[in-house]
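Pasting entry03.txt here (compact mmCIF, C-alpha atoms):
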```txt
# COMPACT_ATOMS: atom_id res chain seq x y z
CA MET A 1 0.00 0.00 0.00
CA ALA A 2 1.26 3.41 -0.92
CA ASN A 3 2.65 5.79 1.59
CA ALA A 4 -0.16 7.81 3.15
CA ARG A 5 1.90 10.96 3.51
CA ALA A 6 3.02 10.94 -0.13
CA LEU A 7 -0.59 10.57 -1.19
CA ASP A 8 -1.60 13.50 0.96
CA LYS A 9 1.12 15.63 -0.57
CA ARG A 10 -0.07 14.83 -4.08
CA ARG A 11 -3.62 15.60 -3.10
CA LYS A 12 -2.57 19.00 -1.81
CA SER A 13 -0.73 19.89 -4.98
CA ILE A 14 -3.72 18.87 -7.08
CA ARG A 15 -5.88 21.09 -4.92
CA ASN A 16 -3.57 24.00 -5.69
CA ILE A 17 -3.72 23.28 -9.41
CA LYS A 18 -7.47 23.12 -9.16
CA LYS A 19 -7.53 26.56 -7.59
CA ILE A 20 -5.50 27.92 -10.49
CA THR A 21 -7.59 26.30 -13.22
CA ARG A 22 -10.76 27.43 -11.51
CA THR A 23 -9.51 31.03 -11.42
CA MET A 24 -8.46 30.83 -15.04
CA GLU A 25 -11.89 29.58 -15.92
CA LEU A 26 -13.47 32.57 -14.19
CA ILE A 27 -11.11 34.98 -15.95
CA ALA A 28 -11.83 33.37 -19.29
CA THR A 29 -15.56 33.68 -18.62
CA ALA A 30 -15.24 37.39 -17.89
CA ARG A 31 -13.12 37.99 -20.99
CA PHE A 32 -15.47 35.92 -23.09
CA LYS A 33 -18.38 38.15 -22.06
CA LYS A 34 -16.38 41.24 -22.95
CA ALA A 35 -15.34 39.84 -26.33
CA MET A 36 -18.90 38.78 -27.01
CA ASP A 37 -20.17 42.31 -26.33
CA ARG A 38 -17.61 43.73 -28.74
CA ALA A 39 -18.61 41.23 -31.40
CA SER A 40 -22.28 42.05 -31.09
CA ALA A 41 -21.52 45.78 -31.17
CA ALA A 42 -19.71 45.24 -34.46
CA THR A 43 -22.75 43.47 -35.88
CA ASP A 44 -24.65 46.75 -35.72
CA TYR A 45 -22.18 48.38 -38.09
CA THR A 46 -22.23 45.41 -40.45
CA GLN A 47 -26.01 45.47 -40.61
CA ARG A 48 -26.06 49.15 -41.45
CA ILE A 49 -23.47 48.71 -44.20
CA THR A 50 -25.53 45.84 -45.59
CA ALA A 51 -28.58 48.09 -45.54
CA VAL A 52 -26.70 50.75 -47.51
CA VAL A 53 -25.63 48.17 -50.10
CA ALA A 54 -29.20 46.92 -50.36
CA ASP A 55 -30.42 50.48 -50.89
CA LEU A 56 -27.84 51.03 -53.60
CA ALA A 57 -28.87 47.82 -55.35
CA ARG A 58 -32.54 48.74 -55.03
CA ALA A 59 -31.84 52.03 -56.75
CA GLY A 60 -30.70 50.07 -59.78
CA LEU A 61 -26.96 50.36 -59.35
CA GLU A 62 -25.09 47.38 -60.69
CA VAL A 63 -22.87 46.29 -57.84
CA SER A 64 -19.46 45.78 -59.34
CA HIS A 65 -16.04 46.70 -58.12
CA PRO A 66 -12.51 45.40 -58.77
CA LEU A 67 -12.40 44.05 -55.22
CA LEU A 68 -15.40 41.85 -55.87
CA GLU A 69 -14.14 40.08 -58.96
CA ALA A 70 -11.92 37.03 -59.05
CA ARG A 71 -8.61 37.50 -60.80
CA GLU A 72 -7.50 35.59 -63.85
CA THR A 73 -3.94 35.72 -62.68
CA HIS A 74 -2.72 33.38 -60.01
CA GLU A 75 0.53 35.02 -59.16
CA SER A 76 0.59 35.33 -55.42
CA GLY A 77 -1.77 34.47 -52.60
CA THR A 78 -1.64 35.07 -48.90
CA VAL A 79 -2.80 32.87 -46.05
CA LEU A 80 -3.51 34.86 -42.92
CA VAL A 81 -3.78 32.79 -39.76
CA LEU A 82 -5.41 34.11 -36.61
CA SER A 83 -4.16 32.26 -33.56
CA ALA A 84 -3.96 33.10 -29.86
CA ASN A 85 -1.09 34.60 -27.92
CA ARG A 86 -1.61 32.17 -25.09
CA GLY A 87 -2.11 28.46 -24.81
CA LEU A 88 -4.17 26.38 -22.39
CA CYS A 89 -7.23 26.63 -24.56
CA GLY A 90 -7.74 23.06 -25.74
CA GLY A 91 -7.53 22.40 -29.46
CA TYR A 92 -8.03 26.05 -30.42
CA ASN A 93 -4.57 26.84 -31.79
CA GLY A 94 -3.96 23.35 -33.14
CA ASN A 95 -7.15 23.37 -35.17
CA VAL A 96 -6.42 26.75 -36.72
CA ILE A 97 -2.87 25.78 -37.62
CA ARG A 98 -4.00 22.51 -39.16
CA ALA A 99 -6.65 24.22 -41.27
CA ALA A 100 -4.11 26.80 -42.40
CA LEU A 101 -1.53 24.18 -43.35
CA ASN A 102 -4.04 22.33 -45.50
CA ARG A 103 -5.11 25.50 -47.27
CA ARG A 104 -1.52 26.51 -47.77
CA ILE A 105 -0.75 23.25 -49.58
CA GLU A 106 -3.85 23.67 -51.76
CA MET A 107 -2.86 27.21 -52.61
CA GLN A 108 0.68 26.25 -53.48
CA GLU A 109 -0.71 24.18 -56.32
CA ASP A 110 -2.63 27.12 -57.74
CA PHE A 111 -0.35 30.04 -57.05
CA ASN A 112 3.24 30.71 -57.91
CA GLU A 113 3.94 32.30 -54.59
CA VAL A 114 2.15 31.83 -51.30
CA ARG A 115 2.84 34.12 -48.40
CA THR A 116 2.11 32.99 -44.87
CA GLU A 117 1.17 35.59 -42.30
CA VAL A 118 0.45 34.58 -38.75
CA VAL A 119 -1.13 36.56 -35.94
CA GLY A 120 -0.47 35.34 -32.41
CA LYS A 121 2.46 33.82 -30.58
CA ARG A 122 1.11 30.29 -30.57
CA GLY A 123 0.56 30.15 -34.29
CA ASN A 124 4.01 31.54 -34.95
CA SER A 125 5.69 28.96 -32.77
CA GLY A 126 3.55 26.27 -34.38
CA PHE A 127 4.79 27.22 -37.83
CA ARG A 128 8.37 27.53 -36.66
CA PHE A 129 8.10 24.02 -35.22
CA ARG A 130 7.06 22.74 -38.64
CA ASP A 131 9.93 24.63 -40.29
CA ILE A 132 7.65 26.85 -42.35
CA ALA A 133 8.87 30.37 -42.86
CA VAL A 134 6.38 33.01 -41.74
CA ASP A 135 6.50 36.15 -43.88
CA GLU A 136 4.79 38.42 -41.40
CA SER A 137 4.14 37.70 -37.76
CA PHE A 138 2.72 41.06 -36.61
CA VAL A 139 5.18 41.69 -33.81
CA ASP A 140 6.78 44.93 -32.61
CA GLU A 141 10.52 45.54 -32.17
CA ASP A 142 10.67 43.42 -29.03
CA GLY A 143 9.14 40.45 -30.79
CA VAL A 144 5.88 40.79 -28.89
CA SER A 145 2.68 40.41 -30.84
CA TYR A 146 0.96 43.79 -31.04
CA ILE A 147 -2.41 42.30 -31.78
CA GLU A 148 -4.00 41.39 -28.49
CA ASP A 149 -7.17 39.42 -28.02
CA ASP A 150 -9.18 42.64 -27.96
CA PRO A 151 -7.99 44.21 -31.19
CA GLU A 152 -8.84 47.83 -31.92
CA PHE A 153 -10.34 48.74 -35.23
CA ALA A 154 -7.53 51.22 -35.88
CA THR A 155 -4.97 48.39 -35.79
CA ILE A 156 -6.95 46.16 -38.11
CA ASP A 157 -7.64 49.15 -40.34
CA LYS A 158 -3.92 49.53 -41.02
CA ILE A 159 -3.50 45.85 -41.85
CA ALA A 160 -6.56 45.95 -44.09
CA ASP A 161 -5.19 49.03 -45.85
CA ARG A 162 -2.02 47.16 -46.65
CA TYR A 163 -3.93 44.24 -48.18
CA LEU A 164 -6.08 46.62 -50.21
CA ARG A 165 -2.96 48.35 -51.48
CA GLU A 166 -1.30 45.06 -52.39
CA PHE A 167 -4.45 43.84 -54.11
CA ALA A 168 -4.89 47.06 -56.04
CA SER A 169 -1.30 47.10 -57.23
CA GLY A 170 -1.52 43.48 -58.36
CA LYS A 171 0.91 42.13 -55.79
CA LEU A 172 -1.82 40.07 -54.21
CA ASP A 173 -4.40 37.97 -56.04
CA ARG A 174 -6.10 36.21 -53.19
CA LEU A 175 -6.28 36.57 -49.42
CA ASP A 176 -7.48 33.65 -47.34
CA VAL A 177 -8.08 34.09 -43.65
CA THR A 178 -7.98 31.11 -41.31
CA TYR A 179 -9.72 31.71 -38.04
CA THR A 180 -12.05 30.09 -35.57
CA LYS A 181 -15.63 30.99 -36.33
CA PHE A 182 -17.93 31.33 -33.39
CA ILE A 183 -21.08 29.42 -34.30
CA SER A 184 -22.61 28.97 -30.88
CA SER A 185 -21.26 28.78 -27.35
CA SER A 186 -20.95 25.03 -27.73
CA ARG A 187 -19.54 25.08 -31.25
CA GLN A 188 -16.58 26.87 -32.76
CA GLU A 189 -14.99 25.79 -35.97
CA ALA A 190 -11.63 26.54 -37.54
CA ILE A 191 -12.50 27.70 -41.05
CA VAL A 192 -10.85 29.31 -44.04
CA GLU A 193 -12.54 32.25 -45.70
CA THR A 194 -11.51 34.07 -48.85
CA LEU A 195 -11.70 37.79 -48.14
CA LEU A 196 -10.00 39.09 -51.28
CA PRO A 197 -11.53 39.07 -53.79
CA LEU A 198 -14.59 39.73 -51.72
CA GLY A 199 -16.99 37.88 -54.01
CA GLU A 200 -20.59 38.70 -53.24
CA LEU A 201 -21.42 41.74 -51.21
CA GLU A 202 -24.14 41.12 -48.68
CA GLY A 203 -27.33 42.85 -49.68
CA ALA A 204 -26.17 43.21 -53.29
CA ASP A 205 -28.76 40.76 -54.59
CA THR A 206 -31.63 42.95 -53.49
CA PRO A 207 -34.06 43.18 -56.42
CA VAL A 208 -34.19 46.49 -58.23
CA ASP A 209 -37.21 48.55 -57.33
CA GLU A 210 -38.58 48.90 -60.87
CA GLU A 211 -41.14 51.53 -60.05
CA GLY A 212 -38.67 53.87 -58.43
CA VAL A 213 -36.07 53.43 -61.15
CA SER A 214 -38.45 53.96 -64.05
CA ASP A 215 -39.59 57.21 -62.49
CA GLY A 216 -35.98 58.22 -62.57
CA GLU A 217 -35.94 58.69 -58.84
CA SER A 218 -35.22 56.38 -55.99
CA LEU A 219 -36.15 56.81 -52.37
CA TYR A 220 -32.72 58.20 -51.63
CA GLU A 221 -30.71 61.06 -52.84
CA PHE A 222 -27.13 59.87 -53.30
CA VAL A 223 -24.40 62.36 -52.55
CA PRO A 224 -22.38 62.65 -54.75
CA ASN A 225 -23.70 59.58 -56.64
CA ALA A 226 -24.39 55.91 -56.08
CA LYS A 227 -21.27 54.71 -57.86
CA SER A 228 -18.96 56.83 -55.76
CA ILE A 229 -20.60 55.60 -52.58
CA LEU A 230 -20.19 52.02 -53.72
CA ASP A 231 -16.50 52.65 -54.40
CA GLU A 232 -16.18 53.58 -50.77
CA VAL A 233 -18.52 50.93 -49.37
CA VAL A 234 -16.64 47.98 -50.84
CA PRO A 235 -13.27 48.60 -49.15
CA THR A 236 -15.08 49.47 -45.93
CA SER A 237 -16.98 46.21 -45.92
CA PHE A 238 -13.73 44.34 -46.51
CA LYS A 239 -12.23 46.06 -43.47
CA VAL A 240 -15.22 45.32 -41.33
CA LYS A 241 -15.22 41.71 -42.47
CA LEU A 242 -11.58 41.35 -41.52
CA PHE A 243 -12.27 43.04 -38.19
CA LYS A 244 -15.13 40.62 -37.60
CA CYS A 245 -12.74 37.70 -38.17
CA PHE A 246 -10.48 39.03 -35.44
CA LEU A 247 -13.40 39.52 -33.07
CA ASP A 248 -14.75 36.05 -33.78
CA ALA A 249 -11.32 34.57 -33.17
CA ALA A 250 -11.12 36.36 -29.82
CA VAL A 251 -14.54 35.17 -28.74
CA SER A 252 -13.72 31.59 -29.74
CA GLU A 253 -10.37 31.73 -27.96
CA HIS A 254 -11.92 32.75 -24.67
CA ILE A 255 -14.69 30.23 -24.85
CA SER A 256 -12.24 27.44 -25.75
CA ARG A 257 -10.12 28.39 -22.77
CA MET A 258 -13.18 28.48 -20.56
CA VAL A 259 -14.17 24.97 -21.61
CA ALA A 260 -10.61 23.66 -21.30
CA MET A 261 -10.23 25.07 -17.83
CA LYS A 262 -13.62 23.80 -16.78
CA ASN A 263 -12.59 20.30 -17.85
CA ALA A 264 -9.29 20.66 -16.02
CA THR A 265 -11.09 21.68 -12.83
CA GLU A 266 -13.47 18.75 -13.14
CA ASN A 267 -10.60 16.36 -13.72
CA ALA A 268 -8.81 17.73 -10.70
CA ASN A 269 -11.92 17.11 -8.61
CA GLU A 270 -12.05 13.56 -9.90
CA MET A 271 -8.40 13.00 -9.06
CA ILE A 272 -8.81 14.43 -5.58
CA LYS A 273 -11.70 12.05 -5.01
CA ASP A 274 -9.68 9.04 -6.17
CA LEU A 275 -6.64 10.06 -4.19
CA SER A 276 -8.71 10.67 -1.06
CA ARG A 277 -10.09 7.18 -1.34
CA THR A 278 -6.66 5.63 -1.73
CA TYR A 279 -5.29 7.85 1.02
CA ASN A 280 -8.00 6.81 3.48
CA ARG A 281 -7.44 3.19 2.66
CA ALA A 282 -3.68 3.56 3.11
CA ARG A 283 -4.13 5.37 6.40
CA GLN A 284 -6.56 2.74 7.66
CA SER A 285 -4.25 -0.12 6.81
CA GLN A 286 -1.37 1.74 8.43
CA ILE A 287 -3.41 2.11 11.64
CA THR A 288 -4.47 -1.54 11.51
CA GLY A 289 -0.87 -2.50 11.05
CA GLU A 290 0.16 -0.44 14.05
CA ILE A 291 -2.57 -1.93 16.26
CA MET A 292 -1.49 -5.42 15.24
CA GLU A 293 2.03 -4.55 16.23
CA VAL A 294 0.92 -3.25 19.64
CA ILE A 295 -1.23 -6.28 20.30
CA GLY A 296 1.56 -8.52 19.12
CA GLY A 297 3.95 -6.75 21.52
CA VAL A 298 1.51 -7.06 24.47
CA GLU A 299 0.95 -10.73 23.75
CA ALA A 300 4.68 -11.34 23.57
CA LEU A 301 5.16 -9.68 27.00
CA GLU A 302 2.32 -11.65 28.56
CA GLY A 303 3.47 -14.90 27.04
CA MET B 1 -36.84 67.29 -30.76
CA SER B 2 -37.60 64.42 -33.01
CA LEU B 3 -34.42 64.11 -34.99
CA GLN B 4 -32.34 61.16 -33.93
CA ILE B 5 -28.60 60.87 -34.44
CA VAL B 6 -26.86 57.49 -34.32
CA VAL B 7 -23.09 57.29 -34.68
CA VAL B 8 -21.78 53.77 -35.25
CA THR B 9 -18.17 52.62 -35.49
CA PRO B 10 -17.15 48.99 -36.05
CA GLU B 11 -16.31 48.86 -32.35
CA LYS B 12 -19.48 50.24 -30.86
CA THR B 13 -22.37 52.65 -31.09
CA THR B 14 -20.85 55.84 -29.74
CA LEU B 15 -23.81 58.16 -29.86
CA ASP B 16 -27.55 57.64 -29.95
CA GLN B 17 -29.70 60.58 -28.93
CA LYS B 18 -32.46 62.98 -29.86
CA VAL B 19 -31.26 66.34 -31.09
CA ASP B 20 -32.58 69.49 -32.78
CA ALA B 21 -30.09 69.68 -35.62
CA VAL B 22 -27.06 67.87 -36.98
CA THR B 23 -24.25 69.16 -39.16
CA VAL B 24 -22.49 66.41 -41.07
CA PRO B 25 -19.08 66.82 -42.74
CA MET B 26 -19.57 65.60 -46.29
CA PHE B 27 -16.72 64.91 -48.69
CA ASP B 28 -17.19 68.35 -50.23
CA GLY B 29 -18.42 70.47 -47.34
CA GLU B 30 -20.87 70.57 -44.51
CA LEU B 31 -24.45 69.40 -44.66
CA GLY B 32 -27.00 70.66 -42.18
CA VAL B 33 -29.84 68.34 -41.29
CA LEU B 34 -33.07 69.30 -39.61
CA ARG B 35 -36.26 67.40 -38.98
CA GLY B 36 -38.02 66.23 -42.13
CA HIS B 37 -34.92 66.01 -44.29
CA ALA B 38 -35.27 64.03 -47.50
CA PRO B 39 -33.84 60.48 -47.49
CA LEU B 40 -30.17 60.61 -48.38
CA ILE B 41 -27.11 58.41 -48.52
CA GLY B 42 -23.85 60.27 -48.73
CA ARG B 43 -20.14 59.99 -48.43
CA MET B 44 -18.46 61.88 -45.62
CA GLY B 45 -15.02 63.32 -45.44
CA PRO B 46 -12.88 63.73 -42.35
CA GLY B 47 -14.22 66.67 -40.37
CA GLU B 48 -16.49 67.94 -37.71
CA LEU B 49 -19.85 66.48 -36.76
CA ARG B 50 -21.98 68.94 -34.79
CA THR B 51 -25.15 68.22 -32.92
CA THR B 52 -27.35 70.95 -31.49
CA ARG B 53 -29.67 70.19 -28.67
CA GLY B 54 -31.57 72.97 -26.97
CA GLY B 55 -28.76 75.45 -27.59
CA ASP B 56 -26.00 73.08 -26.50
CA VAL B 57 -23.59 72.22 -29.27
CA SER B 58 -21.54 69.02 -29.13
CA ARG B 59 -18.67 68.65 -31.54
CA PHE B 60 -17.09 65.41 -32.70
CA TYR B 61 -14.35 64.58 -35.09
CA VAL B 62 -15.23 61.82 -37.58
CA ASP B 63 -12.86 59.99 -39.87
CA GLY B 64 -15.03 59.96 -42.96
CA GLY B 65 -17.45 57.16 -43.84
CA PHE B 66 -21.13 57.31 -44.73
CA VAL B 67 -24.25 59.02 -43.62
CA GLN B 68 -27.75 57.72 -44.12
CA ILE B 69 -30.80 59.85 -43.46
CA LEU B 70 -34.19 58.16 -43.34
CA ASN B 71 -37.35 58.95 -41.37
CA ASP B 72 -35.67 61.56 -39.19
CA VAL B 73 -32.88 59.20 -38.19
CA VAL B 74 -29.36 60.26 -39.14
CA SER B 75 -27.05 57.24 -39.11
CA VAL B 76 -23.38 58.02 -39.32
CA LEU B 77 -21.07 55.09 -40.14
CA THR B 78 -17.46 55.91 -39.53
CA GLY B 79 -14.19 54.23 -38.64
CA ARG B 80 -13.36 56.50 -35.73
CA THR B 81 -14.99 59.29 -33.83
CA VAL B 82 -13.66 61.45 -31.00
CA PRO B 83 -15.27 64.28 -29.03
CA VAL B 84 -13.42 67.50 -29.80
CA GLU B 85 -12.12 67.82 -26.23
CA GLU B 86 -10.35 64.48 -26.55
CA ILE B 87 -8.47 65.14 -29.75
CA ASP B 88 -4.77 64.69 -29.20
CA LEU B 89 -3.31 67.72 -30.93
CA ASP B 90 0.30 66.57 -30.68
CA ALA B 91 -0.56 63.17 -32.10
CA ALA B 92 -2.44 64.81 -34.94
CA ARG B 93 0.52 67.08 -35.75
CA GLN B 94 2.78 64.05 -35.67
CA GLU B 95 0.46 62.22 -38.05
CA LEU B 96 0.43 65.18 -40.39
CA GLU B 97 4.19 65.28 -40.45
CA THR B 98 4.59 61.57 -41.16
CA ALA B 99 1.87 61.71 -43.79
CA GLU B 100 3.54 64.61 -45.55
CA ARG B 101 6.88 62.85 -45.57
CA GLN B 102 5.40 59.64 -46.98
CA GLN B 103 6.57 58.58 -50.43
CA ALA B 104 3.69 58.32 -52.86
CA SER B 105 4.91 56.52 -55.94
CA ASN B 106 1.58 55.40 -57.39
CA VAL B 107 -2.06 56.39 -57.46
CA GLU B 108 -3.17 54.23 -54.54
CA LEU B 109 -0.41 55.47 -52.29
CA MET B 110 -1.18 59.00 -53.35
CA ASP B 111 -4.81 58.52 -52.33
CA LEU B 112 -3.81 57.15 -48.96
CA LYS B 113 -1.40 59.99 -48.40
CA ARG B 114 -4.02 62.57 -49.29
CA LYS B 115 -6.50 60.90 -46.98
CA ALA B 116 -4.07 60.80 -44.06
CA ILE B 117 -3.19 64.46 -44.53
CA ALA B 118 -6.85 65.45 -44.72
CA GLN B 119 -7.64 63.53 -41.54
CA ALA B 120 -4.78 65.05 -39.58
CA LYS B 121 -5.52 68.55 -40.85
CA ALA B 122 -9.20 68.26 -39.99
CA GLN B 123 -8.33 67.35 -36.41
CA ILE B 124 -5.87 70.20 -36.01
CA ARG B 125 -8.30 72.67 -37.53
CA MET B 126 -11.05 71.58 -35.17
CA VAL B 127 -8.95 72.13 -32.07
CA GLU B 128 -7.47 75.41 -33.19
CA ASN B 129 -10.68 77.00 -34.42
CA GLY B 130 -12.78 75.45 -31.71
CA SER B 131 -14.71 77.04 -28.88
```
Can the structure from this file be put into structure tokens for me?
Amino acid sequence: MANARALDKRRKSIRNIKKITRTMELIATARFKKAMDRASAATDYTQRITAVVADLARAGLEVSHPLLEARETHESGTVLVLSANRGLCGGYNGNVIRAALNRRIEMQEDFNEVRTEVVGKRGNSGFRFRDIAVDESFVDEDGVSYIEDDPEFATIDKIADRYLREFASGKLDRLDVTYTKFISSSRQEAIVETLLPLGELEGADTPVDEEGVSDGESLYEFVPNAKSILDEVVPTSFKVKLFKCFLDAAVSEHISRMVAMKNATENANEMIKDLSRTYNRARQSQITGEIMEVIGGVEALEG
Amino acid sequence: MSLQIVVVTPEKTTLDQKVDAVTVPMFDGELGVLRGHAPLIGRMGPGELRTTRGGDVSRFYVDGGFVQILNDVVSVLTGRTVPVEEIDLDAARQELETAERQQASNVELMDLKRKAIAQAKAQIRMVENGS
């Protein structure tokens, strides 16, 4: 039978670990709520942009823009991977990296040059481990990732501007973003989405309001004109879409960590229960052994 | 007071209130909006958004974007908005300087440069001419 004191020591250390995982779970829950609020706040903007696009389409404007159309050329593509800066969140980082690797191989068949850009410390170390060169890892001079899990729009705006510039100047033909989509609180999925070219614009398939158009007037007055507004709407919706990816990734990260830490706490409880049982048994047998010894000693004296 | 102003950025809804009048910075100048304005969708430029409410004027800097006016609701969609008191003048001057120094070798870069300069200048102008 195992040593009772050693068992007790192990039980104590598991208790300490449990305290830590429990705290981390609570922190993750709080951050998840915050990230969720940010994500739903962003939805408001998206909906309004979609409404504007729908209004433009209703006024009879043909929704077309260079950013929406697929390129004939397959010169260079970029895979952008959104991973976390921290671990201890279950399969979150692993799933994203795996999805990105698969897409990267697919793209290498189609494109002459594939750039790999990775956000987050974990993703970067994952790629380094697999000996894949990362072209851009979004870190500052000290090598610390400057994109935190609550990214500001201004930061994403700059990154989006760079992609738009590259796309416009023909240096980039396709941008694929790998991130974890938040589907529901019990389901998040690592997916790959093509953001450039943008493809369909949400709300663009709104039927033209024939009556309004034939009268030569739509409900809205467009200042300066519908086309010019569309030229501005398309890049904006790309930016917002990219921003939404970052927000979704943050929400999924926190919920994955919450679930992972919850499981860890439960496992710790289980282990404590098992260890307690073994400990009690060990202690009992130790006591029994000691009593036997005493009785044996008494009997020997009497005899 | 039945004109409603809603200012939305991708991060959050920064302003949602009833006002008497709104002045929106369009790409080519200011646009005043009162109750009963015709439906309009327009492009904004960087500049000053003013709301008047019972004689009180609130001033905000907006980064450009869109404005939609429908049924006495003015929705402003913009990347960034700051109340005039919170504009960082030094940061804006810094931005202006970096923007002016930027190399602009093609049309896209030129556009970006022009935009950055306009944004920085609008902020500086607002603080210096303000109140």
Return as CSV the residues of region 156-248 of chain A lying at most 8 Å from region 91-111 of chain B, together with the closest atom-to-atom pair for each and the distance in Å to one decimal, counting only C-alpha atoms, with rows in chain order and ascending residue number.
```
residue,atom,partner,partner_atom,distance
A:Arg165,CA,B:Glu108,CA,6.6
A:Ala168,CA,B:Glu108,CA,7.5
A:Ser169,CA,B:Glu108,CA,7.8
```
Give me the residues within 9 Å of Val19 (chain B) as a list of chain:residue names, counting all atoms listed in the file and dropping any in the same chain fewer than 5 places off.
B:Met1, B:Ser2, B:Leu3, B:Gln4, B:Ile5, B:Thr51, B:Thr52, B:Arg53, B:Gly54
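For the choices A:Gly203, A:Gly94, A:Pro197, A:Pro151, the atom-to-atom distance to chain B is smallest for A:Pro151 when using all atoms listed in the file.
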Sorted by chain and rising residue number, list the residues of chain B at most 10 Å from chain A (counting all atoms listed in the file), each with its closest atom pair and distance in Å to one decimal, as CSV.
```
residue,atom,partner,partner_atom,distance
B:Val7,CA,A:Tyr45,CA,9.6
B:Val8,CA,A:Tyr45,CA,6.1
B:Thr9,CA,A:Tyr45,CA,6.4
B:Pro10,CA,A:Ala42,CA,4.8
B:Glu11,CA,A:Ala42,CA,5.4
B:Lys12,CA,A:Ala41,CA,4.9
B:Thr13,CA,A:Ala41,CA,6.9
B:Met26,CA,A:Val223,CA,8.5
B:Phe27,CA,A:Pro224,CA,8.6
B:Asp28,CA,A:Pro224,CA,8.9
B:Ala38,CA,A:Tyr220,CA,7.6
B:Pro39,CA,A:Tyr220,CA,4.9
B:Leu40,CA,A:Glu221,CA,4.5
B:Ile41,CA,A:Phe222,CA,5.0
B:Gly42,CA,A:Val223,CA,4.4
B:Arg43,CA,A:Ile229,CA,6.1
B:Met44,CA,A:Val223,CA,9.1
B:Gly65,CA,A:Glu232,CA,7.9
B:Phe66,CA,A:Ile229,CA,8.1
B:Val67,CA,A:Val52,CA,9.5
B:Gln68,CA,A:Val52,CA,7.8
B:Ile69,CA,A:Tyr220,CA,8.6
B:Leu70,CA,A:Tyr220,CA,8.4
B:Ser75,CA,A:Arg48,CA,8.5
B:Val76,CA,A:Arg48,CA,9.5
B:Leu77,CA,A:Tyr45,CA,7.1
B:Thr78,CA,A:Tyr45,CA,9.0
B:Gly79,CA,A:Phe153,CA,7.5
B:Arg80,CA,A:Ala154,CA,7.9
B:Asn106,CA,A:Ser169,CA,8.8
B:Val107,CA,A:Ser169,CA,9.3
B:Glu108,CA,A:Arg165,CA,6.6
B:Leu109,CA,A:Arg165,CA,7.6
B:Leu112,CA,A:Asp161,CA,8.8
```
Spatial neighbours of Ala190 (chain A), max dist 10 Å, only C-alpha atoms, sep filter under 6 positions, as a VMD selection string
chain A and resid 82 91 to 100 178 to 182 249 252
Give me, please, the distance in Å between CA of Thr21 (chain A) and CA of Thr265 (chain A), quoted to one decimal.
5.8 Å
Could you jot down the CA of Ser13 (chain A) to CA of Thr278 (chain A) separation for me, Å, one decimal place?
15.8 Å
Contacts of Glu136 (chain A) at 10 Å (all atoms listed in the file; same-chain gap of 3+ positions) as a count of residues only
9
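Atom pair CA of Ala54 (chain A) / CA of Arg50 (chain B): separated by 27.9 Å.
For the set B:Gly64, B:Asn129, B:Glu85, B:Asn71, the residue with the smallest atom-to-atom gap to Lys115 (chain B) is B:Gly64, counting only C-alpha atoms.
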Taking (-18.3, 67.5, -42.4) in the file's own coordinates, collect the residues within 6 Å, counting only C-alpha atoms, and hand them back as a PyMOL selection string.
chain B and resi 24-26+29-30+47-49
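Remark: for Leu201 (chain A), the closest of the candidate residues A:Ile132, A:Ser276, A:Leu67, A:Gln284 is A:Leu67 (distances computed over all atoms listed in the file).
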Give the answer as one residue: which of B:Val62, B:Val74, B:Val82, B:Leu15 has the shortest atom-to-atom distance to Arg35 (chain B), using all atoms listed in the file?
B:Val74
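Proximity of A:Lys18, A:Arg187, A:Arg130, A:His74 to Val251 (chain A), computed with all atoms listed in the file, is greatest for A:Arg187.
Environment of (-15.6, 45.1, -61.5): residues at most 12 Å away, judged by all atoms listed in the file, are Glu62, Val63, Ser64, His65, Pro66, Leu67, Leu68, Glu69, Ala70, Arg71, Pro197, Leu198, Gly199, Glu200, Lys227, Leu230, Asp231 and Val234 of chain A.
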If I only have part of region 168-175 of chain A, can you fill in N, CA and C atoms and write it as a PDB file, keeping the file's coordinate frame?
```
ATOM      1  N   ALA A 168      -4.684  46.075 -54.973  1.00  0.00           N
ATOM      2  CA  ALA A 168      -4.890  47.060 -56.040  1.00  0.00           C
ATOM      3  C   ALA A 168      -3.679  47.135 -56.970  1.00  0.00           C
ATOM      4  N   SER A 169      -2.484  46.970 -56.392  1.00  0.00           N
ATOM      5  CA  SER A 169      -1.300  47.100 -57.230  1.00  0.00           C
ATOM      6  C   SER A 169      -0.907  45.769 -57.875  1.00  0.00           C
ATOM      7  N   GLY A 170      -1.743  44.736 -57.674  1.00  0.00           N
ATOM      8  CA  GLY A 170      -1.520  43.480 -58.360  1.00  0.00           C
ATOM      9  C   GLY A 170      -0.490  42.570 -57.688  1.00  0.00           C
ATOM     10  N   LYS A 171      -0.070  42.961 -56.480  1.00  0.00           N
ATOM     11  CA  LYS A 171       0.910  42.130 -55.790  1.00  0.00           C
ATOM     12  C   LYS A 171       0.242  40.983 -55.051  1.00  0.00           C
ATOM     13  N   LEU A 172      -1.080  41.075 -54.949  1.00  0.00           N
ATOM     14  CA  LEU A 172      -1.820  40.070 -54.210  1.00  0.00           C
ATOM     15  C   LEU A 172      -3.051  39.695 -55.037  1.00  0.00           C
ATOM     16  N   ASP A 173      -3.247  38.384 -55.246  1.00  0.00           N
ATOM     17  CA  ASP A 173      -4.400  37.970 -56.040  1.00  0.00           C
ATOM     18  C   ASP A 173      -5.488  37.333 -55.187  1.00  0.00           C
ATOM     19  N   ARG A 174      -5.085  36.805 -54.052  1.00  0.00           N
ATOM     20  CA  ARG A 174      -6.100  36.210 -53.190  1.00  0.00           C
ATOM     21  C   ARG A 174      -5.641  36.260 -51.734  1.00  0.00           C
ATOM     22  N   LEU A 175      -6.571  36.564 -50.856  1.00  0.00           N
ATOM     23  CA  LEU A 175      -6.280  36.570 -49.420  1.00  0.00           C
ATOM     24  C   LEU A 175      -7.238  35.607 -48.741  1.00  0.00           C
TER      25      LEU A 175
END
```
